[in-house]
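**Q** Take a look at target-v8.txt, compact mmCIF, C-alpha atoms:
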# COMPACT_ATOMS: atom_id res chain seq x y z
CA MET K 176 -126.96 -48.93 -183.67
CA ILE K 177 -129.40 -47.67 -186.29
CA ALA K 178 -130.42 -44.16 -185.22
CA ARG K 179 -132.26 -42.98 -188.33
CA ILE K 180 -133.49 -44.37 -191.63
CA SER K 181 -134.10 -42.34 -194.78
CA GLY K 182 -135.42 -43.94 -197.92
CA ILE K 183 -138.52 -44.67 -200.00
CA LEU K 184 -141.77 -45.79 -198.38
CA ILE K 185 -142.82 -48.92 -200.29
CA GLU K 186 -145.40 -50.51 -197.99
CA SER K 187 -147.48 -49.60 -194.96
CA SER K 188 -150.14 -51.08 -192.66
CA LEU K 189 -151.71 -50.03 -189.36
CA THR K 190 -148.75 -51.37 -187.38
CA ASP K 191 -145.65 -51.36 -189.56
CA ILE K 192 -144.06 -49.99 -192.69
CA ILE K 193 -141.31 -51.00 -195.11
CA VAL K 194 -138.69 -48.48 -196.19
CA GLU K 195 -136.25 -49.19 -199.02
CA VAL K 196 -132.75 -47.78 -198.59
CA ASN K 197 -130.28 -48.36 -201.47
CA GLY K 198 -131.85 -51.66 -202.45
CA ILE K 199 -132.31 -52.93 -198.88
CA SER K 200 -135.82 -53.01 -197.40
CA TYR K 201 -136.29 -52.38 -193.66
CA ARG K 202 -139.47 -53.27 -191.78
CA LEU K 203 -140.25 -50.83 -188.96
CA ASN K 204 -142.89 -51.13 -186.27
CA VAL K 205 -144.53 -47.73 -185.86
CA PRO K 206 -147.27 -46.12 -183.70
CA LEU K 207 -150.47 -44.71 -185.18
CA SER K 208 -149.14 -41.22 -184.53
CA THR K 209 -146.48 -41.92 -187.16
CA ILE K 210 -148.87 -43.75 -189.53
CA ASP K 211 -151.03 -40.62 -189.62
CA LYS K 212 -148.10 -38.55 -190.91
CA LEU K 213 -146.77 -40.91 -193.57
CA PRO K 214 -146.24 -39.67 -197.14
CA ALA K 215 -147.71 -41.53 -200.10
CA LEU K 216 -146.15 -44.83 -201.17
CA GLY K 217 -143.15 -44.26 -203.40
CA GLU K 218 -142.20 -40.99 -201.71
CA LYS K 219 -139.19 -40.24 -199.52
CA ILE K 220 -139.41 -40.68 -195.77
CA SER K 221 -137.04 -40.18 -192.85
CA LEU K 222 -137.66 -41.69 -189.40
CA ASN K 223 -135.97 -41.70 -186.01
CA THR K 224 -135.39 -45.33 -185.04
CA HIS K 225 -134.79 -47.63 -182.10
CA LEU K 226 -133.32 -51.11 -182.49
CA HIS K 227 -134.70 -53.52 -179.89
CA VAL K 228 -132.65 -56.70 -179.51
CA ARG K 229 -134.19 -59.88 -178.10
CA GLU K 230 -132.81 -63.41 -177.90
CA ASP K 231 -134.99 -64.46 -180.81
CA ALA K 232 -135.27 -61.30 -182.88
CA MET K 233 -133.97 -57.83 -183.72
CA LEU K 234 -136.88 -55.43 -184.09
CA LEU K 235 -136.71 -51.94 -185.54
CA TYR K 236 -139.10 -49.21 -184.37
CA GLY K 237 -139.67 -45.96 -186.25
CA PHE K 238 -140.96 -42.55 -185.15
CA MET K 239 -141.73 -39.42 -187.09
CA SER K 240 -140.62 -37.09 -184.27
CA ASN K 241 -137.73 -37.13 -181.82
CA ASP K 242 -140.17 -36.58 -178.92
CA GLU K 243 -141.98 -39.80 -179.81
CA LEU K 244 -138.70 -41.70 -179.79
CA THR K 245 -137.68 -40.13 -176.47
CA LEU K 246 -141.00 -41.08 -174.86
CA PHE K 247 -140.72 -44.63 -176.25
CA LYS K 248 -137.27 -45.00 -174.65
CA LEU K 249 -138.42 -43.49 -171.34
CA LEU K 250 -141.26 -46.02 -171.14
CA LEU K 251 -138.94 -48.94 -171.91
CA ASN K 252 -136.10 -47.89 -169.63
CA TYR K 253 -137.92 -46.63 -166.56
CA VAL K 254 -141.35 -48.25 -166.26
CA GLN K 255 -141.31 -51.87 -165.12
CA GLY K 256 -143.59 -54.14 -167.10
CA ILE K 257 -143.68 -52.01 -170.25
CA GLY K 258 -142.20 -53.53 -173.39
CA PRO K 259 -142.06 -52.22 -176.95
CA LYS K 260 -145.61 -53.34 -177.83
CA LEU K 261 -147.20 -51.54 -174.88
CA ALA K 262 -145.01 -48.48 -175.40
CA LEU K 263 -146.30 -48.30 -178.99
CA ASN K 264 -149.86 -48.56 -177.67
CA VAL K 265 -149.19 -45.49 -175.51
CA LEU K 266 -147.98 -43.49 -178.50
CA SER K 267 -150.88 -44.76 -180.62
CA THR K 268 -153.44 -43.61 -178.04
CA LEU K 269 -152.00 -40.38 -176.58
CA SER K 270 -150.03 -37.57 -178.17
CA VAL K 271 -146.73 -36.76 -176.47
CA SER K 272 -148.16 -33.52 -175.08
CA ASN K 273 -151.29 -35.27 -173.72
CA PHE K 274 -149.11 -37.94 -172.13
CA CYS K 275 -147.00 -35.26 -170.44
CA THR K 276 -150.16 -33.57 -169.17
CA ALA K 277 -151.47 -36.87 -167.82
CA ILE K 278 -148.20 -37.59 -166.01
CA SER K 279 -147.81 -34.10 -164.53
CA SER K 280 -151.45 -34.05 -163.37
CA LYS K 281 -151.40 -37.70 -162.21
CA ASP K 282 -154.38 -38.41 -164.44
CA LEU K 283 -154.64 -42.21 -164.08
CA LYS K 284 -157.95 -42.24 -165.96
CA MET K 285 -156.37 -40.78 -169.09
CA LEU K 286 -153.37 -43.13 -168.91
CA SER K 287 -155.69 -46.12 -168.44
CA LYS K 288 -157.30 -45.39 -171.81
CA VAL K 289 -154.26 -47.08 -173.37
CA ASN K 290 -154.96 -50.69 -174.32
CA GLY K 291 -153.05 -52.90 -171.88
CA VAL K 292 -152.53 -50.21 -169.23
CA GLY K 293 -154.34 -50.83 -165.94
CA LYS K 294 -154.38 -48.74 -162.78
CA LYS K 295 -151.15 -50.23 -161.39
CA THR K 296 -149.23 -49.65 -164.62
CA ALA K 297 -150.60 -46.10 -164.84
CA GLU K 298 -149.46 -45.47 -161.26
CA ARG K 299 -145.97 -46.79 -162.09
CA MET K 300 -145.82 -44.44 -165.09
CA VAL K 301 -146.62 -41.44 -162.89
CA ILE K 302 -144.12 -42.43 -160.20
CA GLU K 303 -141.25 -43.26 -162.57
CA LEU K 304 -141.72 -40.54 -165.18
CA HIS K 305 -143.01 -37.55 -163.21
CA ASP K 306 -139.53 -36.00 -162.92
CA LYS K 307 -138.32 -37.18 -166.34
CA ILE K 308 -140.86 -35.83 -168.82
CA ASP K 309 -139.03 -32.52 -168.99
CA ARG K 310 -136.76 -34.31 -171.48
CA LEU K 311 -139.61 -34.03 -173.95
CA GLY K 312 -139.64 -30.79 -175.91
CA ALA K 313 -143.41 -31.10 -176.31
CA LEU K 314 -143.86 -30.52 -172.61
CA ALA K 315 -142.66 -26.94 -172.89
CA THR K 316 -144.72 -26.22 -176.00
CA ALA K 317 -147.88 -28.15 -175.18
CA SER K 318 -150.93 -25.97 -174.93
CA VAL K 319 -152.22 -25.74 -171.37
CA THR K 320 -155.95 -26.29 -170.96
CA THR K 321 -158.42 -26.92 -168.15
CA GLU K 322 -159.81 -30.09 -169.73
CA HIS K 323 -158.08 -32.37 -167.21
CA LEU K 324 -159.08 -30.27 -164.15
CA ASN K 325 -162.06 -30.93 -161.91
CA ASP K 326 -164.88 -28.37 -161.52
CA GLU K 327 -163.38 -26.76 -158.40
CA ALA K 328 -160.01 -26.34 -160.08
CA SER K 329 -161.58 -24.92 -163.25
CA ASP K 330 -163.56 -22.41 -161.15
CA ALA K 331 -160.36 -21.41 -159.34
CA VAL K 332 -158.58 -20.84 -162.66
CA ASP K 333 -161.49 -18.67 -163.89
CA ALA K 334 -161.32 -16.61 -160.70
CA LEU K 335 -157.57 -16.10 -161.03
CA GLU K 336 -158.04 -14.99 -164.64
CA THR K 337 -160.64 -12.47 -163.47
CA LEU K 338 -158.06 -11.14 -161.02
CA GLY K 339 -155.68 -10.52 -163.91
CA TYR K 340 -153.42 -13.58 -163.94
CA LYS K 341 -152.58 -15.23 -167.26
CA LYS K 342 -154.47 -18.46 -167.92
CA ASP K 343 -151.39 -20.66 -168.46
CA ARG K 344 -149.83 -19.49 -165.20
CA ALA K 345 -153.11 -19.89 -163.30
CA ILE K 346 -153.59 -23.46 -164.57
CA LYS K 347 -150.01 -24.48 -163.75
CA THR K 348 -150.29 -22.97 -160.27
CA VAL K 349 -153.60 -24.68 -159.51
CA GLN K 350 -152.28 -27.97 -160.90
CA LYS K 351 -149.21 -27.75 -158.66
CA ILE K 352 -151.42 -27.18 -155.61
CA LEU K 353 -153.54 -30.22 -156.56
CA ASN K 354 -150.41 -32.35 -156.95
CA ASP K 355 -149.01 -31.16 -153.61
CA ASN K 356 -152.33 -31.92 -151.89
CA ALA K 357 -153.27 -35.10 -153.73
CA GLU K 358 -154.77 -36.69 -150.62
CA LYS K 359 -157.01 -33.72 -149.82
CA LYS K 360 -160.27 -32.56 -151.41
CA LEU K 361 -159.85 -28.83 -151.93
CA SER K 362 -162.72 -26.46 -152.68
CA ALA K 363 -162.45 -23.69 -155.26
CA SER K 364 -161.97 -21.13 -152.46
CA ASP K 365 -159.19 -23.26 -150.93
CA LEU K 366 -157.45 -23.44 -154.30
CA ILE K 367 -157.82 -19.70 -154.92
CA ARG K 368 -156.41 -18.84 -151.50
CA LYS K 369 -153.42 -21.16 -151.88
CA ALA K 370 -152.83 -20.04 -155.48
CA LEU K 371 -152.82 -16.37 -154.52
CA SER K 372 -150.36 -17.10 -151.74
CA HIS K 373 -148.10 -18.87 -154.23
CA LEU K 374 -148.45 -16.28 -157.00
CA ASN K 375 -147.76 -13.36 -154.66
CA GLN K 376 -144.56 -14.77 -153.21
Have the structure of the file written as structure tokens, please.
**A**
Amino acid sequence: MIARISGILIESSLTDIIVEVNGISYRLNVPLSTIDKLPALGEKISLNTHLHVREDAMLLYGFMSNDELTLFKLLLNYVQGIGPKLALNVLSTLSVSNFCTAISSKDLKMLSKVNGVGKKTAERMVIELHDKIDRLGALATASVTTEHLNDEASDAVDALETLGYKKDRAIKTVQKILNDNAEKKLSASDLIRKALSHLNQ
């Protein structure tokens, strides 16, 4: 299996690149997140790779970061109905950290922004990957924001900050309460009360 390719970038487009290694040129399908980080033509490049074997073809996929490769494999291996093309669309639309946030917060709207991903596919992603995204290093380092929270949740986070709790901890606590009570509509006061109970345990 080809795990990594290092060579000279000799050609690139919006969907693939060609890397020359010791006189042999390899075509790699890549997401936009990798295209954005490419060096100039003629310069050295090193990519993590995945070889996808079909009955009619052997396709090579390249990723600038290990987290991108890990997410690509998670999508292929665990989410029914997602092939390499759709997995690349995910990486071309959402950063790894934003994808992790969408999965952990069950944000179907954000996931559905990906071309080819409807509500059912987004739901399958959440169900299949919710307990697997901790394999991605970006999850631990992703900045935590209130952008994906509703108004009540944002107000609850602000109140917890006022009470002296750190923002990251407040957001994670409120998000956990939302996930645990997905079928209920909680007010800001409900969230604050439950969060305080959790934080003071």
**Q** Would you list the contacts of region 368-374 of chain K as an mmCIF file with C-alpha atoms, in the coordinates of the input, taking every protein, DNA or RNA residue within 12 Å and counting all atoms listed in the file, but skipping same-chain residues closer than 6 positions in sequence?
**A**
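Dumped everything to around_25.cif:
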data_model
loop_
_atom_site.group_PDB
_atom_site.id
_atom_site.type_symbol
_atom_site.label_atom_id
_atom_site.label_comp_id
_atom_site.auth_asym_id
_atom_site.auth_seq_id
_atom_site.Cartn_x
_atom_site.Cartn_y
_atom_site.Cartn_z
ATOM 1 C CA ALA K 328 -160.010 -26.340 -160.080
ATOM 2 C CA ALA K 331 -160.360 -21.410 -159.340
ATOM 3 C CA VAL K 332 -158.580 -20.840 -162.660
ATOM 4 C CA ALA K 334 -161.320 -16.610 -160.700
ATOM 5 C CA LEU K 335 -157.570 -16.100 -161.030
ATOM 6 C CA GLU K 336 -158.040 -14.990 -164.640
ATOM 7 C CA LEU K 338 -158.060 -11.140 -161.020
ATOM 8 C CA GLY K 339 -155.680 -10.520 -163.910
ATOM 9 C CA TYR K 340 -153.420 -13.580 -163.940
ATOM 10 C CA LYS K 341 -152.580 -15.230 -167.260
ATOM 11 C CA ARG K 344 -149.830 -19.490 -165.200
ATOM 12 C CA ALA K 345 -153.110 -19.890 -163.300
ATOM 13 C CA ILE K 346 -153.590 -23.460 -164.570
ATOM 14 C CA LYS K 347 -150.010 -24.480 -163.750
ATOM 15 C CA THR K 348 -150.290 -22.970 -160.270
ATOM 16 C CA VAL K 349 -153.600 -24.680 -159.510
ATOM 17 C CA GLN K 350 -152.280 -27.970 -160.900
ATOM 18 C CA LYS K 351 -149.210 -27.750 -158.660
ATOM 19 C CA ILE K 352 -151.420 -27.180 -155.610
ATOM 20 C CA LEU K 353 -153.540 -30.220 -156.560
ATOM 21 C CA ASP K 355 -149.010 -31.160 -153.610
ATOM 22 C CA ASN K 356 -152.330 -31.920 -151.890
ATOM 23 C CA LEU K 361 -159.850 -28.830 -151.930
ATOM 24 C CA SER K 362 -162.720 -26.460 -152.680
#
**Q** Could you work out how far CA of Ser208 (chain K) lies from CA of Ile185 (chain K), giving the answer in Å with one decimal?
**A**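 We find that CA of Ile185 (chain K) and CA of Ser208 (chain K) lie 18.6 Å from each other.
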**Q** What's around region 307-309 of chain K at 12 Å? Count only C-alpha atoms, leave out sequence neighbours fewer than 5 positions away in its own chain, and write the answer as a list in words.
**A**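 Here the qualifying residues turn out to be Asp242, Glu243, Thr245, Leu246, Phe247, Lys248, Leu249, Leu250, Asn252, Tyr253, Val254, Val271, Ser272, Asn273, Phe274, Cys275, Thr276, Ala277, Ile278, Ser279, Met300, Val301, Ile302, Leu314, Ala315, Thr316 and Ala317 of chain K.
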**Q** Could you dump the residues just selected with C-alpha atoms as a short mmCIF file (atom, residue, chain, number, x, y, z; two decimals), in the coordinates of the input?
**A**
data_model
loop_
_atom_site.label_atom_id
_atom_site.label_comp_id
_atom_site.auth_asym_id
_atom_site.auth_seq_id
_atom_site.Cartn_x
_atom_site.Cartn_y
_atom_site.Cartn_z
CA ASP K 242 -140.17 -36.58 -178.92
CA GLU K 243 -141.98 -39.80 -179.81
CA THR K 245 -137.68 -40.13 -176.47
CA LEU K 246 -141.00 -41.08 -174.86
CA PHE K 247 -140.72 -44.63 -176.25
CA LYS K 248 -137.27 -45.00 -174.65
CA LEU K 249 -138.42 -43.49 -171.34
CA LEU K 250 -141.26 -46.02 -171.14
CA ASN K 252 -136.10 -47.89 -169.63
CA TYR K 253 -137.92 -46.63 -166.56
CA VAL K 254 -141.35 -48.25 -166.26
CA VAL K 271 -146.73 -36.76 -176.47
CA SER K 272 -148.16 -33.52 -175.08
CA ASN K 273 -151.29 -35.27 -173.72
CA PHE K 274 -149.11 -37.94 -172.13
CA CYS K 275 -147.00 -35.26 -170.44
CA THR K 276 -150.16 -33.57 -169.17
CA ALA K 277 -151.47 -36.87 -167.82
CA ILE K 278 -148.20 -37.59 -166.01
CA SER K 279 -147.81 -34.10 -164.53
CA MET K 300 -145.82 -44.44 -165.09
CA VAL K 301 -146.62 -41.44 -162.89
CA ILE K 302 -144.12 -42.43 -160.20
CA LEU K 314 -143.86 -30.52 -172.61
CA ALA K 315 -142.66 -26.94 -172.89
CA THR K 316 -144.72 -26.22 -176.00
CA ALA K 317 -147.88 -28.15 -175.18
#
**Q** Counting all atoms listed in the file, which of K:Ile220, K:Ile199, K:Leu311, K:Ile210 gets nearest to Leu184 (chain K)?
**A**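 Selected residue with least distance to Leu184 (chain K): K:Ile220.
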**Q** Which distance in Å separates CA of Asp211 (chain K) and CA of Phe238 (chain K), to one decimal?
**A**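 Distance reported for this atom pair: 11.2 Å.
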**Q** Choose the residue, out of K:Asn204, K:Asn241, K:Gln255, K:Ser329, that has the smallest atom-to-atom separation from Lys295 (chain K); count only C-alpha atoms.
**A**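 Closest candidate: K:Gln255.
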**Q** Could you check how far CA of Asp333 (chain K) sits from CA of Asn375 (chain K), in Å to one decimal?
**A** 17.4 Å
**Q** Rank nothing, just name the residue among K:Lys359, K:Lys281, K:Arg179, K:Lys212 nearest to Leu244 (chain K), using all atoms listed in the file.
**A** K:Arg179
**Q** For the point (-154.5, -45.9, -177.0) in file coordinates, what residues are within 10 Å, counting only C-alpha atoms? Give the answer as a PyMOL selection string?
**A** chain K and resi 206-207+261-270+285-292
